[in-house]
Amino acid sequence: MRILIVYMTHHGTTEKVVEKLMELMGKSVTDVVNLEHDSIPDLSRYGTIIIGGSIHVGQIQLGIKQFCRDYKQELLNKKLGLFICYMNKEQGMQEFENAFPGELRSHARAAGLFGGEFLFEKMNFMERFIIRMVANEKKSRSAINYPAIAKFAASFVV
Ligand SMILES: Cc1cc2nc3c(=O)[nH]c(=O)nc-3n(C[C@H](O)[C@H](O)[C@H](O)COP(=O)(O)O)c2cc1C
């Protein structure tokens with residue numbers, strides 16, 4: 001059966017991660033839905049569903065939370081993978097737990113904490129201010145954990 005990846009992104013890092021996952025899991029068997037502008041397909045066509053988003057001010061995108069709430073029963077009958085992109089190393093596990101409901105986390109075959117990027121050129125004035133003041137970061141920086149992505153993808157290859 002096919003694989004569906006459902007995601008949201010602010011500055012494109014989660015999309016980059018999704019492209020890597022597609023490459024690893026097989027582009028020809030994988031469909032992708034960005035909840036910001038794509039409609040949700042019939043989930044019965046998929047045996048595996050991966051859901052991911054990014055953490056901003058402690059929270060994953062509301063659309064991801066809503067999708068998990070609305071489709072919880074269907075998701076509990078799939079091979080499920082959940083992941084976040086984030087930059088606060090100390091808070092990663094806490095942010096992951098806060099991002100997805102406990103039932104889905106317990107059911108998931110893989111949990112991905114994939115790191116992320118600070119992309120100052122894509123931030124607005126307020127975002128730059130927050131990152132400079134709160135995270136004490138001054139320059140764009142990439143810290144995507146590619147080995148973690150590969151390990152996550154491998155757990156769906158039977
Ligand atoms: C305004 C802003 C707030 C952020 N807040 C958090 C946060 O609370 N915790 C965290 O771990 N990372 C935080 N990040 C880092 C993002 O999770 C990281 O930049 C991620 O790669 C963004 O992915 P995206 O481009 O797919 O949205 C923040 C980034 C920005 C720009």
# chains A, B, ... in the order shown; residues from 1 in each chain; ligands from 1
>>> residues_around(residues="Glu15 (chain A)", least_positions_apart="6", cutoff="9 Å", atoms="only C-alpha atoms", output="compact mmCIF listing (two decimals) with C-alpha atoms, in the first residue's frame")
# COMPACT_ATOMS: atom_id res chain seq x y z
CA TYR A 7 3.20 18.11 6.96
CA MET A 8 3.30 21.85 7.57
CA THR A 9 6.23 24.26 7.42
CA ASN A 34 0.96 20.15 2.80
CA GLY A 53 5.69 19.82 11.47
>>> residues_near_ligand(ligand="ligand 1", cutoff="7 Å", atoms="only C-alpha atoms and all ligand atoms", output="ChimeraX atom specification")
/A:8-15,53-59,85-89,91-92,115-119,123,127-128,130-131
>>> closest_residue(among="A:Phe156, A:Lys122, A:Lys151, A:Gln94", to="Ile49 (chain A)", atoms="only C-alpha atoms")
A:Phe156
>>> residues_around(residues="Lys79 (chain A)", least_positions_apart="4", cutoff="10 Å", atoms="only C-alpha atoms", output="PyMOL selection string")
chain A and resi 3+46-50+75+107-110+156
>>> write_last_selection(atoms="C-alpha atoms", output="CSV table (one decimal), in the first residue's frame")
chain,number,residue,atom,x,y,z
A,3,ILE,CA,2.7,6.0,1.9
A,46,TYR,CA,-2.6,4.4,2.6
A,47,GLY,CA,-1.0,1.7,4.8
A,48,THR,CA,1.6,4.1,6.2
A,49,ILE,CA,1.1,7.7,7.3
A,50,ILE,CA,3.9,10.0,8.4
A,75,LEU,CA,-4.4,6.9,12.2
A,107,HIS,CA,0.9,3.7,18.5
A,108,ALA,CA,3.7,5.2,16.3
A,109,ARG,CA,6.3,2.9,15.0
A,110,ALA,CA,8.8,5.7,14.7
A,156,PHE,CA,9.1,1.5,7.7
>>> closest_residue(among="A:Val32, A:Cys68, A:Ala111, A:Leu4", to="Phe83 (chain A)", atoms="only C-alpha atoms")
A:Ala111
>>> atom_distance(atom1="CA of Val6 (chain A)", atom2="CA of Met25 (chain A)")
14.2 Å
>>> select_by_dssp(residues="region 62-121 of chain A", states="helix (DSSP H, G or I)", output="short mmCIF file (atom, residue, chain, number, x, y, z; two decimals) with C-alpha atoms, in the first residue's frame")
data_model
loop_
_atom_site.label_atom_id
_atom_site.label_comp_id
_atom_site.auth_asym_id
_atom_site.auth_seq_id
_atom_site.Cartn_x
_atom_site.Cartn_y
_atom_site.Cartn_z
CA LEU A 62 -2.30 24.08 14.72
CA GLY A 63 -3.21 22.36 11.43
CA ILE A 64 -1.12 19.34 12.45
CA LYS A 65 -2.86 19.19 15.84
CA GLN A 66 -6.25 19.45 14.14
CA PHE A 67 -5.40 16.70 11.63
CA CYS A 68 -4.33 14.38 14.49
CA ARG A 69 -7.59 15.09 16.34
CA ASP A 70 -9.86 14.72 13.29
CA LYS A 72 -7.21 9.81 15.20
CA GLN A 73 -9.24 6.63 14.68
CA GLU A 74 -7.97 6.09 11.11
CA LEU A 75 -4.40 6.87 12.21
CA LYS A 89 17.97 20.64 21.95
CA GLU A 90 17.04 20.67 25.65
CA GLN A 91 13.31 20.89 24.95
CA GLY A 92 13.03 18.54 21.94
CA MET A 93 11.43 15.57 23.67
CA GLN A 94 9.05 17.81 25.63
CA GLU A 95 8.06 19.63 22.43
CA PHE A 96 7.48 16.32 20.65
CA GLU A 97 5.25 15.08 23.48
CA ASN A 98 3.32 18.31 23.41
CA ALA A 99 2.92 18.19 19.62
CA GLY A 102 -0.41 10.37 23.69
CA GLU A 103 -2.46 7.67 21.95
CA LEU A 104 -0.84 8.42 18.61
CA ARG A 105 2.62 8.61 20.17
CA SER A 106 2.16 5.18 21.78
CA HIS A 107 0.91 3.71 18.52
CA PHE A 120 17.29 34.50 8.99
CA GLU A 121 16.70 35.44 5.35
#
>>> closest_residue(among="A:Pro101, A:Gly81, A:Ser142, A:Ala154", to="Ile51 (chain A)", atoms="only C-alpha atoms")
A:Gly81
>>> decode(residues="region 55-71 of chain A", atoms="N, CA and C atoms", output="PDB file, in the first residue's frame")
ATOM      1  N   ILE A  55       8.394  23.296  15.249  1.00  0.00           N
ATOM      2  CA  ILE A  55       8.055  23.941  16.518  1.00  0.00           C
ATOM      3  C   ILE A  55       8.394  25.431  16.435  1.00  0.00           C
ATOM      4  N   HIS A  56       7.397  26.248  16.729  1.00  0.00           N
ATOM      5  CA  HIS A  56       7.584  27.702  16.787  1.00  0.00           C
ATOM      6  C   HIS A  56       6.979  28.198  18.081  1.00  0.00           C
ATOM      7  N   VAL A  57       7.821  28.830  18.888  1.00  0.00           N
ATOM      8  CA  VAL A  57       7.406  29.298  20.228  1.00  0.00           C
ATOM      9  C   VAL A  57       6.705  28.152  20.978  1.00  0.00           C
ATOM     10  N   GLY A  58       7.362  27.018  20.970  1.00  0.00           N
ATOM     11  CA  GLY A  58       6.917  25.873  21.774  1.00  0.00           C
ATOM     12  C   GLY A  58       5.823  25.017  21.169  1.00  0.00           C
ATOM     13  N   GLN A  59       5.268  25.420  20.056  1.00  0.00           N
ATOM     14  CA  GLN A  59       4.097  24.719  19.507  1.00  0.00           C
ATOM     15  C   GLN A  59       4.310  24.250  18.072  1.00  0.00           C
ATOM     16  N   ILE A  60       3.751  23.070  17.773  1.00  0.00           N
ATOM     17  CA  ILE A  60       3.679  22.631  16.376  1.00  0.00           C
ATOM     18  C   ILE A  60       2.518  23.387  15.715  1.00  0.00           C
ATOM     19  N   GLN A  61       2.459  23.366  14.387  1.00  0.00           N
ATOM     20  CA  GLN A  61       1.379  24.069  13.675  1.00  0.00           C
ATOM     21  C   GLN A  61       0.004  23.543  14.128  1.00  0.00           C
ATOM     22  N   LEU A  62      -0.949  24.473  14.273  1.00  0.00           N
ATOM     23  CA  LEU A  62      -2.301  24.079  14.717  1.00  0.00           C
ATOM     24  C   LEU A  62      -2.949  23.106  13.735  1.00  0.00           C
ATOM     25  N   GLY A  63      -2.645  23.255  12.450  1.00  0.00           N
ATOM     26  CA  GLY A  63      -3.208  22.360  11.427  1.00  0.00           C
ATOM     27  C   GLY A  63      -2.800  20.907  11.658  1.00  0.00           C
ATOM     28  N   ILE A  64      -1.595  20.706  12.155  1.00  0.00           N
ATOM     29  CA  ILE A  64      -1.121  19.339  12.453  1.00  0.00           C
ATOM     30  C   ILE A  64      -1.903  18.790  13.649  1.00  0.00           C
ATOM     31  N   LYS A  65      -2.094  19.630  14.654  1.00  0.00           N
ATOM     32  CA  LYS A  65      -2.861  19.192  15.841  1.00  0.00           C
ATOM     33  C   LYS A  65      -4.280  18.822  15.441  1.00  0.00           C
ATOM     34  N   GLN A  66      -4.864  19.669  14.592  1.00  0.00           N
ATOM     35  CA  GLN A  66      -6.247  19.446  14.144  1.00  0.00           C
ATOM     36  C   GLN A  66      -6.358  18.142  13.348  1.00  0.00           C
ATOM     37  N   PHE A  67      -5.394  17.925  12.438  1.00  0.00           N
ATOM     38  CA  PHE A  67      -5.398  16.698  11.627  1.00  0.00           C
ATOM     39  C   PHE A  67      -5.330  15.467  12.545  1.00  0.00           C
ATOM     40  N   CYS A  68      -4.468  15.516  13.553  1.00  0.00           N
ATOM     41  CA  CYS A  68      -4.332  14.376  14.489  1.00  0.00           C
ATOM     42  C   CYS A  68      -5.636  14.140  15.238  1.00  0.00           C
ATOM     43  N   ARG A  69      -6.306  15.235  15.620  1.00  0.00           N
ATOM     44  CA  ARG A  69      -7.593  15.094  16.335  1.00  0.00           C
ATOM     45  C   ARG A  69      -8.660  14.519  15.412  1.00  0.00           C
ATOM     46  N   ASP A  70      -8.769  15.084  14.209  1.00  0.00           N
ATOM     47  CA  ASP A  70      -9.864  14.718  13.292  1.00  0.00           C
ATOM     48  C   ASP A  70      -9.745  13.283  12.778  1.00  0.00           C
ATOM     49  N   TYR A  71      -8.514  12.795  12.625  1.00  0.00           N
ATOM     50  CA  TYR A  71      -8.325  11.488  11.967  1.00  0.00           C
ATOM     51  C   TYR A  71      -7.732  10.448  12.925  1.00  0.00           C
TER      52      TYR A  71
END
